[in-house]
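J.: Just passing along the structure, written as structure tokens.
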Amino acid sequence: MQHIDTIIVGAGPAGSSCAWRLKRAGRDVVMLDKAQFPRLKLCAGWITPKVMHDLEFTPADYPHAILKLNIHSHIKGLPIAWHGSPIKGDTFSIRRIEFDDWLRRRAGVDTVPHTVKTIRRDGDLYIIDDAFTCRYLVGAGGTACPVRRALFPDNRRKFRQVVTLEHEFAYPAREDICHLYFMHYGAKAYAWYFPKGDGYVNIGLGGKANYYRKCGATIHDHFRRFLADLVAEGKLDAETAGSFKAGGHPYYLYSGHGKVREGNCFLIGDAAGLATVDLGEGIGPAIESALMTAAEIAGTGTYAKEKVTQFSSGGLARRLAERFIAPKPVG
Ligand SMILES: Cc1cc2nc3c(=O)[nH]c(=O)nc-3n(C[C@H](O)[C@H](O)[C@H](O)COP(=O)(O)OP(=O)(O)OC[C@H]3O[C@@H](n4cnc5c(N)ncnc54)[C@H](O)[C@@H]3O)c2cc1C
């Protein structure tokens with residue numbers, strides 16, 4: 001068996017950010033990931049100024065296409081007069097297939113190709129598939145993280161689940177305007193049209209799983225209607241819309257339920273269910289939780305779920321979100 005001081009399961013933004021910071025602190029660390037990088041991750045790829053600040057880079061440092069977004073928001077199909085972003089500061093779109101691989105390489109930490117199946121604890125050690133042992137274990141394996149399933153059996157997963165459908169494809173961008181549609185086809189659904197640099201576009205739709213269980217329509221019904229609207233508005237041609245093969249992926253918004261730490265084992269990013277409750281932003285909380293965990297392992301800080309940002313928006317949008325959708329404290 002191979003012993004490493006810290007093993008991180010998952011080399012997405014959460015895992016790579018944790019590895020990056022631990023490596024900088026001189027720690028012995030590896031990442032295990034079942035995917036071959038660069039790998040596709042379903043995601044609109046919207047990143048905020050805080051993400052760039054936390055990861056210490058500017059758009060000029062980024063080696064792939066990055067597009068500053070001109071955001072137009074719509075509520076219930078109607079454009080908002082001020083045509084703005086609910087987030088303060090400049091926001092950008094990246095392609096996850098490029099961004100995640102760049103973060104992983106930048107960390108300068110080995111990624112071992114390995115699908116984690118079994119994890120058990122033996123005294124102070126965690127044992128993974130009888131192949132690896134470690135003193136610190138970080139679960140960064142996304143929504144279905146094997147660390148969460150093995151060591152956090154009480155983390156109940158029925159809270160604040162978001163289901164999504166999306167597709168990213170090469171399409172000569174007609175404009176650099178990013179459209180966000182809130183309360184689209186129902187109070188608890190939202191949709192997006194995200195142009196990327198280099199002529200890619202990401203189109204998607206998401207909503208609370210509970211909403212779709214009750215509302216009588218499926219997310220596929222809503223997605224078809226959304227595509228038809230985009231064609232009618234001239235944002236997409238009918239032939240492309242007809243050839244769509246959208247993929248789905250669930251994830252969880254922040255809730256007061258569920259631990260993120262047990263002994264020297266930590267859950268970060270989607271494995272902990274930390275996406276913001278107002279806009280479903282998951283990259284920022286994944287990075288925040290990763291950096292806090294690295295600081296805790298390095299002995300320079302602490303990680304607590306409550307310290308992770310729960311809202312993306314600012315101003316009035318934030319006040320409304322805090323008033324109506326704030327997560328309840330742990331009971
Ligand atoms: C459709 C959609 C759109 C989104 N849009 C946005 C957006 O625009 N902006 C935003 O901020 N957030 C968005 N999110 C959320 C965001 O994608 C996630 O919150 C983010 O990817 C979380 O990063 P992570 O590192 O925790 O997990 P992931 O990125 O999921 O990485 C997990 C890694 O773990 C690996 N892994 C899993 N199981 C195993 C195993 N058994 N063994 C080894 N490795 C394993 C996987 O291969 C993967 O590489 C969106 C999500 C969806 C579904």
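The way I read the labels, and the way they are meant: chains A, B, ... in the order of the structure tokens, residue 1 as the first residue of every chain, and ligand 1 as the first ligand shown, with later ones counted on from there.
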Which residues are near ligand 1 in this structure, taking near to mean any atom at most 6 Å from a ligand atom and counting only C-alpha atoms and all ligand atoms? Format them as a ChimeraX atom specification.
T.: /A:9-15,32-35,42-47,114-117,140-142,145-146,164-166,249-250,269-271,275,281-284,286
J.: Per residue of segment 77-154 of chain A within 10 Å of segment 192-202 of chain A, what are the shortest atom pair and its distance in Å to one decimal, counting only C-alpha atoms, with rows by chain and residue number, as JSON lines?
T.:
{"residue": "A:Phe92", "atom": "CA", "partner": "A:Lys196", "partner_atom": "CA", "distance": 8.7}
{"residue": "A:Ser93", "atom": "CA", "partner": "A:Lys196", "partner_atom": "CA", "distance": 5.7}
{"residue": "A:Ile94", "atom": "CA", "partner": "A:Lys196", "partner_atom": "CA", "distance": 6.3}
{"residue": "A:Arg95", "atom": "CA", "partner": "A:Lys196", "partner_atom": "CA", "distance": 7.1}
J.: So which bits of segment 11-63 of chain A end up strand (DSSP E) when you DSSP the backbone, as a list in words?
T.: Val29, Val30, Met31, Leu32, Asp33, Trp46 and Ile47 of chain A
J.: For the atom pair atom CA of Val231 of chain A and atom CA of Ile97 of chain A, what is the interatomic distance in Å to one decimal place?
T.: 26.6 Å
J.: Applying 8 Å and only C-alpha atoms, which residues near Ala272 of chain A remain after dropping the ones on its own chain fewer than 6 positions away? List them as a PyMOL selection string.
T.: chain A and resi 143+148+258-260
J.: Mind pulling up the distance from atom CA of Gly247 of chain A to atom CA of Lys214 of chain A?
T.: 21.9 Å
J.: Mind checking DSSP for segment 116-314 of chain A and telling me the alpha helix (DSSP H) residues as a ChimeraX atom specification?
T.: /A:146-151,209-214,219-232,238-242,283-298
J.: For those residues, write C-alpha atoms to a file as a PDB file, in the first residue's frame.
T.:
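Okay, this is what ended up in again-v3.pdb:
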ATOM      1  CA  PRO A 146     -17.388   8.163  -2.563  1.00  0.00           C
ATOM      2  CA  VAL A 147     -15.927   9.754   0.598  1.00  0.00           C
ATOM      3  CA  ARG A 148     -19.316  11.198   1.508  1.00  0.00           C
ATOM      4  CA  ARG A 149     -21.051   7.909   0.836  1.00  0.00           C
ATOM      5  CA  ALA A 150     -18.557   5.875   2.899  1.00  0.00           C
ATOM      6  CA  LEU A 151     -17.875   8.140   5.879  1.00  0.00           C
ATOM      7  CA  ALA A 209     -36.002  18.696  -7.925  1.00  0.00           C
ATOM      8  CA  ASN A 210     -38.979  19.178  -5.573  1.00  0.00           C
ATOM      9  CA  TYR A 211     -40.515  21.669  -7.953  1.00  0.00           C
ATOM     10  CA  TYR A 212     -40.274  19.233 -10.861  1.00  0.00           C
ATOM     11  CA  ARG A 213     -41.768  16.448  -8.745  1.00  0.00           C
ATOM     12  CA  LYS A 214     -44.850  18.578  -8.131  1.00  0.00           C
ATOM     13  CA  ILE A 219     -37.383  19.446 -17.086  1.00  0.00           C
ATOM     14  CA  HIS A 220     -37.255  18.037 -20.648  1.00  0.00           C
ATOM     15  CA  ASP A 221     -40.610  19.741 -21.419  1.00  0.00           C
ATOM     16  CA  HIS A 222     -39.244  23.037 -20.127  1.00  0.00           C
ATOM     17  CA  PHE A 223     -35.996  22.634 -22.028  1.00  0.00           C
ATOM     18  CA  ARG A 224     -37.847  22.064 -25.314  1.00  0.00           C
ATOM     19  CA  ARG A 225     -39.902  25.219 -24.720  1.00  0.00           C
ATOM     20  CA  PHE A 226     -36.762  27.174 -23.865  1.00  0.00           C
ATOM     21  CA  LEU A 227     -35.058  26.090 -27.110  1.00  0.00           C
ATOM     22  CA  ALA A 228     -38.161  27.086 -29.084  1.00  0.00           C
ATOM     23  CA  ASP A 229     -38.041  30.542 -27.434  1.00  0.00           C
ATOM     24  CA  LEU A 230     -34.352  30.958 -28.301  1.00  0.00           C
ATOM     25  CA  VAL A 231     -35.082  30.054 -31.926  1.00  0.00           C
ATOM     26  CA  ALA A 232     -38.009  32.534 -32.002  1.00  0.00           C
ATOM     27  CA  ALA A 238     -33.784  25.734 -35.727  1.00  0.00           C
ATOM     28  CA  GLU A 239     -31.459  23.099 -37.183  1.00  0.00           C
ATOM     29  CA  THR A 240     -29.014  23.360 -34.246  1.00  0.00           C
ATOM     30  CA  ALA A 241     -31.878  23.335 -31.739  1.00  0.00           C
ATOM     31  CA  GLY A 242     -33.261  20.179 -33.407  1.00  0.00           C
ATOM     32  CA  ILE A 283     -17.386  26.898  -8.357  1.00  0.00           C
ATOM     33  CA  GLY A 284     -16.855  29.732  -5.850  1.00  0.00           C
ATOM     34  CA  PRO A 285     -17.985  27.747  -2.767  1.00  0.00           C
ATOM     35  CA  ALA A 286     -15.958  24.738  -3.982  1.00  0.00           C
ATOM     36  CA  ILE A 287     -12.819  26.876  -4.008  1.00  0.00           C
ATOM     37  CA  GLU A 288     -13.582  28.626  -0.722  1.00  0.00           C
ATOM     38  CA  SER A 289     -14.168  25.337   1.094  1.00  0.00           C
ATOM     39  CA  ALA A 290     -11.014  23.876  -0.508  1.00  0.00           C
ATOM     40  CA  LEU A 291      -8.777  26.726   0.613  1.00  0.00           C
ATOM     41  CA  MET A 292     -10.177  26.620   4.163  1.00  0.00           C
ATOM     42  CA  THR A 293      -9.583  22.872   4.316  1.00  0.00           C
ATOM     43  CA  ALA A 294      -6.011  23.238   3.083  1.00  0.00           C
ATOM     44  CA  ALA A 295      -5.409  25.881   5.765  1.00  0.00           C
ATOM     45  CA  GLU A 296      -6.821  23.565   8.421  1.00  0.00           C
ATOM     46  CA  ILE A 297      -4.591  20.666   7.330  1.00  0.00           C
ATOM     47  CA  ALA A 298      -1.576  22.976   7.189  1.00  0.00           C
TER      48      ALA A 298
END
J.: Pick out the residues sitting within 12 Å of Asp130 of chain A, and hand them over as a PDB file with C-alpha atoms, in the first residue's frame; count only C-alpha atoms, and ignore anything fewer than 4 positions along from it in its own chain.
T.:
ATOM      1  CA  MET A   1       0.000   0.000   0.000  1.00  0.00           C
ATOM      2  CA  GLN A   2       1.137   3.495  -0.795  1.00  0.00           C
ATOM      3  CA  HIS A   3       1.068   6.031   2.069  1.00  0.00           C
ATOM      4  CA  VAL A 116     -12.322   5.130  -5.577  1.00  0.00           C
ATOM      5  CA  LYS A 117     -14.674   2.398  -4.451  1.00  0.00           C
ATOM      6  CA  THR A 118     -14.096   1.519  -0.789  1.00  0.00           C
ATOM      7  CA  ILE A 119     -12.851   3.621   2.109  1.00  0.00           C
ATOM      8  CA  ARG A 120     -12.413   2.529   5.702  1.00  0.00           C
ATOM      9  CA  ARG A 121     -10.821   3.928   8.791  1.00  0.00           C
ATOM     10  CA  ASP A 122      -8.190   2.112  10.835  1.00  0.00           C
ATOM     11  CA  LEU A 125      -5.430   6.179   8.982  1.00  0.00           C
ATOM     12  CA  TYR A 126      -7.887   6.128   6.111  1.00  0.00           C
ATOM     13  CA  CYS A 134      -3.457   8.616   4.370  1.00  0.00           C
TER      14      CYS A 134
END
